[in-house]
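Colleague: File query.cif below, mmCIF, C-alpha atoms:
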```
data_entry
loop_
_atom_site.label_atom_id
_atom_site.label_comp_id
_atom_site.auth_asym_id
_atom_site.auth_seq_id
_atom_site.Cartn_x
_atom_site.Cartn_y
_atom_site.Cartn_z
CA MET A 1 -2.07 -34.01 17.21
CA VAL A 2 -3.73 -30.64 17.62
CA HIS A 3 -7.27 -30.25 16.40
CA PRO A 4 -9.10 -26.93 16.14
CA GLN A 5 -11.72 -28.18 18.61
CA GLY A 6 -9.12 -29.30 21.14
CA ASP A 7 -10.15 -30.64 24.51
CA SER A 8 -7.55 -28.94 26.70
CA PRO A 9 -7.17 -25.16 26.90
CA LEU A 10 -3.59 -25.40 25.58
CA GLU A 11 -4.70 -27.47 22.64
CA GLY A 12 -7.31 -24.87 21.72
CA ARG A 13 -4.79 -22.04 22.02
CA MET A 14 -2.30 -23.93 19.89
CA ALA A 15 -4.90 -24.54 17.24
CA ALA A 16 -5.60 -20.81 17.12
CA GLU A 17 -1.89 -20.11 16.59
CA ILE A 18 -1.52 -22.50 13.65
CA PRO A 19 -2.02 -20.02 10.75
CA ARG A 20 0.57 -17.58 12.15
CA LEU A 21 2.93 -20.40 12.98
CA ARG A 22 2.63 -21.84 9.49
CA ALA A 23 3.52 -18.45 7.97
CA TYR A 24 6.49 -18.10 10.30
CA VAL A 25 7.82 -21.57 9.50
CA ALA A 26 7.39 -21.00 5.77
CA ARG A 27 9.34 -17.76 5.94
CA LEU A 28 12.12 -19.37 7.93
CA LEU A 29 12.37 -22.08 5.30
CA GLY A 30 11.97 -19.66 2.41
CA VAL A 31 9.01 -21.58 0.95
CA ARG A 32 5.34 -20.93 0.36
CA THR A 33 2.92 -21.56 3.20
CA THR A 34 1.17 -24.16 1.05
CA SER A 35 4.35 -26.10 0.29
CA PRO A 36 4.74 -29.65 1.64
CA ASP A 37 8.00 -28.57 3.32
CA ALA A 38 6.16 -25.93 5.34
CA GLU A 39 3.42 -28.38 6.29
CA ASP A 40 5.92 -31.04 7.26
CA ALA A 41 7.91 -28.63 9.42
CA LEU A 42 4.73 -27.27 11.00
CA GLN A 43 3.64 -30.75 12.03
CA GLU A 44 7.04 -31.34 13.56
CA VAL A 45 6.83 -28.05 15.47
CA LEU A 46 3.39 -28.88 16.83
CA ALA A 47 4.49 -32.36 17.82
CA ARG A 48 7.53 -30.98 19.59
CA ALA A 49 5.51 -28.28 21.34
CA TRP A 50 3.02 -30.89 22.51
CA ARG A 51 5.80 -33.15 23.74
CA TYR A 52 7.29 -30.31 25.80
CA ARG A 53 4.01 -28.74 26.82
CA ALA A 54 4.82 -29.24 30.49
CA SER A 55 7.53 -26.56 30.13
CA PHE A 56 5.01 -23.98 28.94
CA GLU A 57 3.74 -21.61 31.60
CA GLU A 58 0.06 -21.04 30.98
CA GLU A 59 0.17 -17.37 31.88
CA ARG A 60 2.81 -16.62 29.23
CA ALA A 61 2.17 -15.80 25.59
CA LEU A 62 1.96 -18.91 23.49
CA GLY A 63 3.07 -17.32 20.19
CA PRO A 64 6.73 -16.67 21.08
CA TRP A 65 6.98 -20.07 22.76
CA LEU A 66 5.75 -21.80 19.61
CA ARG A 67 8.01 -19.68 17.40
CA ARG A 68 10.96 -20.68 19.55
CA ALA A 69 9.98 -24.32 19.01
CA ALA A 70 9.71 -23.67 15.29
CA LEU A 71 13.14 -22.05 15.18
CA ARG A 72 14.56 -25.05 16.96
CA VAL A 73 13.03 -27.42 14.41
CA VAL A 74 14.37 -25.38 11.49
CA LEU A 75 17.85 -25.15 13.01
CA ASP A 76 17.88 -28.87 13.77
CA ARG A 77 16.98 -29.58 10.17
CA ARG A 78 19.72 -27.25 9.00
CA ASP A 79 22.25 -28.96 11.28
CA ALA A 80 21.16 -32.37 10.02
CA ARG A 81 21.71 -31.20 6.43
CA GLU A 82 25.14 -29.88 7.35
CA ARG A 83 26.11 -33.22 8.84
CA ALA A 84 24.70 -35.25 5.97
CA PRO A 85 27.10 -36.32 3.23
CA ARG A 86 27.08 -33.93 0.30
CA VAL A 87 25.88 -36.53 -2.20
CA ALA A 88 22.65 -36.98 -0.30
CA GLU A 89 21.76 -33.40 -1.13
CA LEU A 90 22.07 -33.83 -4.85
CA ASP A 91 18.65 -34.97 -5.95
CA PRO A 92 17.93 -34.14 -9.60
CA ASP A 93 15.47 -31.34 -8.83
CA GLN A 94 17.90 -29.57 -6.58
CA VAL A 95 20.68 -29.93 -9.13
CA ALA A 96 18.41 -28.43 -11.77
CA ALA A 97 17.45 -25.60 -9.45
CA ARG A 98 21.08 -24.88 -8.66
CA THR A 99 22.25 -24.94 -12.25
CA SER A 100 19.36 -23.07 -13.86
CA PRO A 101 18.44 -20.26 -11.52
CA ASP A 102 18.57 -17.74 -14.24
CA LEU A 103 14.92 -17.70 -15.11
CA PRO A 104 13.62 -14.23 -15.94
CA ALA A 105 11.29 -14.17 -12.92
CA GLN A 106 14.10 -15.06 -10.53
CA ARG A 107 16.41 -12.51 -12.10
CA GLU A 108 13.74 -9.91 -11.74
CA GLN A 109 13.24 -10.83 -8.09
CA LEU A 110 16.96 -10.54 -7.44
CA GLU A 111 17.13 -7.21 -9.24
CA ARG A 112 14.32 -5.97 -7.00
CA MET A 113 16.33 -7.01 -3.94
CA LEU A 114 19.32 -5.13 -5.27
CA ALA A 115 17.36 -2.05 -6.26
CA PRO A 116 17.73 -0.17 -2.94
CA LEU A 117 21.51 -0.57 -2.99
CA SER A 118 23.87 2.08 -4.24
CA PRO A 119 26.00 1.04 -7.26
CA ILE A 120 29.06 0.60 -5.05
CA GLU A 121 27.13 -1.51 -2.51
CA ARG A 122 25.71 -3.66 -5.28
CA GLU A 123 29.10 -4.26 -6.83
CA SER A 124 30.72 -5.10 -3.48
CA LEU A 125 27.94 -7.52 -2.61
CA LEU A 126 27.92 -9.30 -5.96
CA ARG A 127 31.70 -9.54 -6.12
CA PHE A 128 31.73 -11.12 -2.67
CA HIS A 129 28.68 -13.38 -2.76
CA GLN A 130 28.33 -14.14 -6.46
CA ARG A 131 31.90 -14.18 -7.71
CA GLY A 132 33.39 -15.36 -4.44
CA GLU A 133 36.03 -12.61 -4.37
CA SER A 134 37.66 -11.81 -1.06
CA VAL A 135 37.45 -8.40 0.53
CA ALA A 136 41.08 -7.77 -0.43
CA GLU A 137 40.39 -8.65 -4.07
CA ILE A 138 37.34 -6.43 -4.17
CA ALA A 139 39.27 -3.57 -2.63
CA ALA A 140 41.95 -3.91 -5.27
CA ALA A 141 39.47 -4.15 -8.14
CA MET A 142 37.40 -1.21 -6.98
CA GLN A 143 40.37 0.81 -5.76
CA LEU A 144 38.96 1.14 -2.27
CA ALA A 145 40.28 0.47 1.21
CA GLU A 146 39.38 -2.94 2.59
CA GLY A 147 37.53 -1.32 5.48
CA THR A 148 35.44 0.67 3.01
CA VAL A 149 34.57 -2.47 1.08
CA LYS A 150 33.54 -4.16 4.31
CA SER A 151 31.27 -1.32 5.32
CA HIS A 152 29.64 -1.32 1.88
CA LEU A 153 29.12 -5.05 2.20
CA TRP A 154 27.59 -4.75 5.65
CA ARG A 155 25.32 -1.93 4.58
CA ALA A 156 24.20 -3.87 1.50
CA ARG A 157 23.33 -6.92 3.60
CA ARG A 158 21.41 -4.87 6.13
CA ARG A 159 19.39 -3.25 3.36
CA ILE A 160 18.50 -6.63 1.94
CA ALA A 161 17.59 -7.95 5.40
CA GLU A 162 15.41 -4.89 6.07
CA ARG A 163 13.67 -5.47 2.79
CA GLY A 164 12.91 -8.99 3.99
CA ARG A 165 11.46 -7.60 7.22
CA GLU A 166 9.19 -5.21 5.29
CA ARG A 167 7.64 -8.07 3.29
CA MET B 1 17.67 -5.16 16.93
CA SER B 2 20.94 -5.49 18.73
CA GLU B 3 24.01 -4.21 16.88
CA ARG B 4 25.99 -6.94 18.54
CA PHE B 5 23.73 -9.54 17.08
CA TRP B 6 24.09 -8.02 13.63
CA MET B 7 27.82 -7.84 14.01
CA SER B 8 27.85 -11.60 14.68
CA VAL B 9 25.74 -12.17 11.58
CA GLN B 10 27.98 -9.98 9.39
CA THR B 11 31.17 -11.51 10.72
CA ALA B 12 29.88 -14.99 9.98
CA LEU B 13 29.01 -13.96 6.45
CA ASP B 14 32.39 -12.24 5.96
CA GLU B 15 34.00 -15.53 6.98
CA ARG B 16 31.64 -17.35 4.62
CA ARG B 17 29.99 -19.17 7.48
CA ASP B 18 26.27 -19.70 7.93
CA PRO B 19 25.10 -17.22 10.58
CA LEU B 20 22.50 -19.75 11.71
CA GLY B 21 25.39 -21.97 12.79
CA ASP B 22 26.87 -19.21 14.96
CA ALA B 23 26.36 -19.74 18.69
CA GLN B 24 25.92 -16.04 19.50
CA VAL B 25 23.44 -15.58 16.70
CA ARG B 26 21.43 -18.57 17.87
CA GLU B 27 21.43 -17.40 21.44
CA TRP B 28 19.94 -14.08 20.34
CA LEU B 29 17.42 -15.72 18.07
CA PHE B 30 16.03 -18.01 20.74
CA GLU B 31 15.36 -14.91 22.79
CA HIS B 32 14.01 -12.99 19.79
CA PRO B 33 12.52 -15.55 17.39
CA GLU B 34 11.07 -12.80 15.15
CA ASP B 35 14.57 -11.66 14.20
CA ALA B 36 15.20 -15.08 12.70
CA LEU B 37 13.05 -14.07 9.72
CA GLU B 38 15.47 -11.35 8.66
CA VAL B 39 18.48 -13.61 8.99
CA CYS B 40 16.81 -16.45 7.11
CA GLU B 41 15.68 -14.19 4.32
CA LEU B 42 19.08 -12.54 4.04
CA ARG B 43 20.68 -15.95 3.90
CA ALA B 44 18.28 -17.13 1.21
CA ALA B 45 18.86 -13.99 -0.85
CA LEU B 46 22.63 -14.33 -0.66
CA GLU B 47 22.39 -17.98 -1.71
CA GLN B 48 20.38 -16.91 -4.71
CA PHE B 49 23.01 -14.34 -5.64
CA GLU B 50 25.64 -17.07 -5.52
CA ARG B 51 23.77 -19.01 -8.20
CA ALA B 52 22.52 -16.18 -10.34
CA ASP B 53 24.15 -14.48 -13.27
CA ILE B 54 23.52 -10.89 -12.33
CA PRO B 55 25.64 -8.09 -13.81
CA LEU B 56 27.82 -6.23 -11.33
CA ARG B 57 26.36 -2.95 -12.40
CA ALA B 58 22.69 -2.29 -12.86
CA ARG B 59 21.79 -2.08 -16.51
CA ARG B 60 20.92 1.34 -17.68
CA ARG B 61 17.45 1.52 -18.95
CA SER B 62 17.18 2.10 -22.63
CA LEU B 63 16.07 5.62 -23.52
CA ALA B 64 14.04 4.36 -26.48
CA LEU B 65 10.96 3.48 -24.46
CA PRO B 66 10.73 6.72 -22.43
CA LEU B 67 11.34 8.74 -25.60
CA ALA B 68 8.61 6.89 -27.49
CA ALA B 69 6.25 7.41 -24.56
CA ALA B 70 7.09 11.12 -24.45
CA ALA B 71 6.50 11.46 -28.20
CA ALA B 72 3.15 9.69 -27.94
CA LEU B 73 2.13 11.96 -25.06
CA ALA B 74 3.15 15.03 -27.03
CA LEU B 75 1.03 13.90 -29.99
CA ILE B 76 -1.95 13.26 -27.77
CA ALA B 77 -1.54 16.67 -26.13
CA LEU B 78 -1.29 18.36 -29.54
CA GLY B 79 -4.43 16.61 -30.75
CA ALA B 80 -6.29 17.54 -27.59
CA TRP B 81 -5.20 21.18 -27.88
CA ASN B 82 -6.34 21.30 -31.47
CA VAL B 83 -9.75 20.02 -30.50
CA LEU B 84 -10.20 22.02 -27.32
CA ARG B 85 -8.44 25.33 -28.13
CA PRO B 86 -10.61 28.46 -27.96
CA ARG B 87 -11.70 29.65 -31.38
CA PRO B 88 -12.93 33.15 -32.51
CA GLN B 89 -16.66 33.39 -32.03
CA ALA B 90 -18.36 32.44 -35.26
CA THR B 91 -21.76 33.88 -36.19
CA PRO B 92 -24.05 31.33 -34.78
CA ALA B 93 -26.58 29.79 -37.07
CA LEU B 94 -30.01 31.11 -36.20
CA THR B 95 -32.99 28.97 -35.80
CA ALA B 96 -36.00 29.82 -37.83
CA ALA B 97 -37.67 31.24 -34.72
CA GLN B 98 -34.66 33.50 -33.94
CA GLU B 99 -34.51 34.64 -37.54
CA LEU B 100 -38.15 35.56 -37.45
CA GLU B 101 -37.65 37.47 -34.22
CA LEU B 102 -34.75 39.48 -35.67
CA HIS B 103 -36.36 40.07 -39.07
CA PRO B 104 -40.09 39.88 -38.60
CA VAL B 105 -42.04 39.34 -41.74
CA VAL B 106 -45.30 41.16 -41.70
CA ALA B 107 -47.78 39.00 -43.34
CA ARG B 108 -49.70 40.76 -46.05
CA PRO B 109 -53.33 40.75 -45.18
CA ASP B 110 -55.43 38.75 -47.50
CA LEU B 111 -57.78 41.28 -48.96
CA GLY B 112 -59.79 38.83 -50.87
CA SER B 113 -61.90 40.04 -53.75
CA VAL B 114 -63.93 43.26 -53.58
CA GLN B 115 -67.64 42.66 -53.37
CA SER B 116 -68.82 46.26 -53.03
CA TRP B 117 -67.26 49.58 -52.23
CA GLU B 118 -68.29 53.04 -51.13
CA LEU B 119 -66.32 56.26 -50.66
CA VAL B 120 -67.67 58.99 -48.53
CA SER B 121 -66.09 62.42 -48.59
CA ALA B 122 -67.26 65.44 -46.69
CA CYS B 123 -66.15 68.96 -47.35
CA THR B 124 -67.10 71.79 -45.04
CA THR B 125 -67.16 75.27 -46.53
CA SER B 126 -68.23 78.64 -45.22
CA GLU B 127 -71.55 77.97 -46.91
CA GLY B 128 -72.09 74.54 -45.48
CA THR B 129 -71.00 70.89 -45.83
CA ILE B 130 -70.93 68.97 -49.05
CA THR B 131 -70.92 65.20 -48.78
CA VAL B 132 -70.03 63.03 -51.72
CA ARG B 133 -70.86 59.31 -51.63
CA ALA B 134 -69.44 57.15 -54.35
CA SER B 135 -70.22 53.53 -54.85
CA GLU B 136 -70.28 51.06 -57.71
CA GLY B 137 -71.97 52.80 -60.57
CA ARG B 138 -73.25 55.70 -58.50
CA VAL B 139 -72.04 59.04 -57.06
CA GLU B 140 -74.27 60.96 -54.76
CA THR B 141 -73.65 64.44 -53.45
CA GLU B 142 -75.48 66.13 -50.65
CA ASN B 143 -75.16 69.52 -48.97
CA ASP B 144 -76.81 71.26 -46.21
CA PHE B 145 -76.86 74.64 -48.00
CA ALA B 146 -80.58 74.24 -48.45
CA HIS B 147 -81.15 73.94 -44.75
CA ARG B 148 -79.74 77.34 -44.46
CA ALA B 149 -81.61 78.53 -47.46
CA GLY B 150 -84.72 76.71 -46.41
CA GLU B 151 -84.64 74.27 -49.29
CA LEU B 152 -83.05 70.99 -49.84
CA ALA B 153 -80.83 70.68 -52.81
CA ARG B 154 -80.16 67.24 -54.04
CA ALA B 155 -78.34 66.29 -57.14
CA GLU B 156 -77.97 62.91 -58.52
CA ALA B 157 -75.81 62.20 -61.47
CA PRO B 158 -75.28 58.82 -63.05
CA VAL B 159 -71.68 57.81 -63.16
CA HIS B 160 -70.31 55.51 -65.83
CA HIS B 161 -67.47 53.80 -64.29
CA GLU B 162 -65.88 51.15 -66.50
CA GLU B 163 -62.64 50.65 -64.65
CA SER B 164 -62.10 47.17 -63.27
CA TRP B 165 -60.81 46.87 -59.75
CA ASN B 166 -57.99 44.52 -59.15
CA PRO B 167 -56.89 44.44 -55.53
CA GLN B 168 -53.60 42.65 -56.42
#
```
Just dump the structure as structure tokens.

Modeller:
Amino acid sequence: MVHPQGDSPLEGRMAAEIPRLRAYVARLLGVRTTSPDAEDALQEVLARAWRYRASFEEERALGPWLRRAALRVVLDRRDARERAPRVAELDPDQVAARTSPDLPAQREQLERMLAPLSPIERESLLRFHQRGESVAEIAAAMQLAEGTVKSHLWRARRRIAERGRER
Amino acid sequence: MSERFWMSVQTALDERRDPLGDAQVREWLFEHPEDALEVCELRAALEQFERADIPLRARRRSLALPLAAAAALALIALGAWNVLRPRPQATPALTAAQELELHPVVARPDLGSVQSWELVSACTTSEGTITVRASEGRVETENDFAHRAGELARAEAPVHHEESWNPQ
């Protein structure tokens, strides 16, 4: 594995990238940098990067190369979850988290995410993603054209994504 | 960020698919790994919305708190104005030194008690000068008429003076 006082030049460069890489992996996973999930994924990324180090061109920036490796690890994990039988996902903690998300702190966090949206964008987004209504149903309920609902939805999602980028 | 990339993300979400499972989205992300953060965070936020009980419309904030705050501020401002407002100039209290400067008190000289006294009065006439000297128990007059006349005239008369002298 990679140690801060690595022998090879690549090892040393990789060690220097670890803090940024950890933060990137944690954000991709939506967890804290100190969480075991982030640490586990980081170790997998470093192992993979080391395994494929021959494909790295020394004169290129290491950061993007490592981030690409990290993205691949996260997507592989996601794909593995998708393929896994649903029951495997239902450990008691996850069930509890899914059925009791309504803690005041979480609600507050969600309200902050929704704050930059206009009332019509908020309603479109929540009807679609929270209530599971279709665009046609939302259009009927809000007395809007389907195209209008769609553009409100798109704008709402972009605003939330931009908020994520600003963090 | 490419609009085409975002269109792929939005279309996947409209179709209730995970954008990270979309081939076009992935292709873009491997070229631009930084953009994956936005997609992941959007995805996570939308998943949270699915599980949360959030009202469709933002709750209106109660007016009670802002009104109470405004009332408290008004009271504080009123109190401050009452303390700090300019007042008509009151006659300032004078210090003892200022009072003395404005109204000097002339100290009465201490005369003490009289030990001896003498009054001298001189009167010049066409004939000459008469000098009268009075002192305790004695009055003496003198003139220079005699100088003119070639003789000295001197008169001495005993004076009985019983009056007591009280300088107070």

Colleague: Choose the residue, out of A:Arg51, A:Arg163, A:Arg13, A:Arg83, that has the smallest atom-to-atom separation from chain B; count only C-alpha atoms.

Modeller: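 So, comparing all the options, the nearest one is A:Arg163.
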
Colleague: For this file, the PyMOL selection byres ((chain A) within 9 of (chain B)) selects which residues, as a PyMOL selection string?

Modeller: chain A and resi 24+27-30+64-65+67-72+75+78-79+98-102+106-107+110-111+113-115+119-120+122-132+134-135+150+153-154+157-158+160-165

Colleague: For the atom pair CA of Val114 (chain B) and CA of Ala134 (chain B), what is the interatomic distance in Å to one decimal place?

Modeller: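 Straight-line distance from CA of Val114 (chain B) to CA of Ala134 (chain B) works out to 15.0 Å.
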
Colleague: Would you compute an axis-aligned box for region 7-26 of chain A, covering every atom listed for it in the file with 5 Å of margin on each side, and report centre and edge lengths in Å to one decimal as AutoDock Vina command-line options?

Modeller:
```
--center_x -1.2 --center_y -24.1 --center_z 16.3 --size_x 28.0 --size_y 23.1 --size_z 31.1
```

Colleague: What separation in Å, quoted to one decimal, exists between CA of Arg77 (chain A) and CA of Ala47 (chain A)?

Modeller: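 Spanning CA of Arg77 (chain A) to CA of Ala47 (chain A) is a straight-line distance of 14.9 Å.
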
Colleague: Just to confirm, what's the straight-line distance from CA of Val120 (chain B) to CA of Glu140 (chain B) in Å (one decimal)?

Modeller: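 CA of Glu140 (chain B) lies at a distance of 9.3 Å from CA of Val120 (chain B).
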
Colleague: Could you check which of A:Ala23, A:Ala140, A:Leu103, A:Ala156 is closest to Ser35 (chain A), using all atoms listed in the file?

Modeller: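 Under the stated criterion, the closest residue is A:Ala23.
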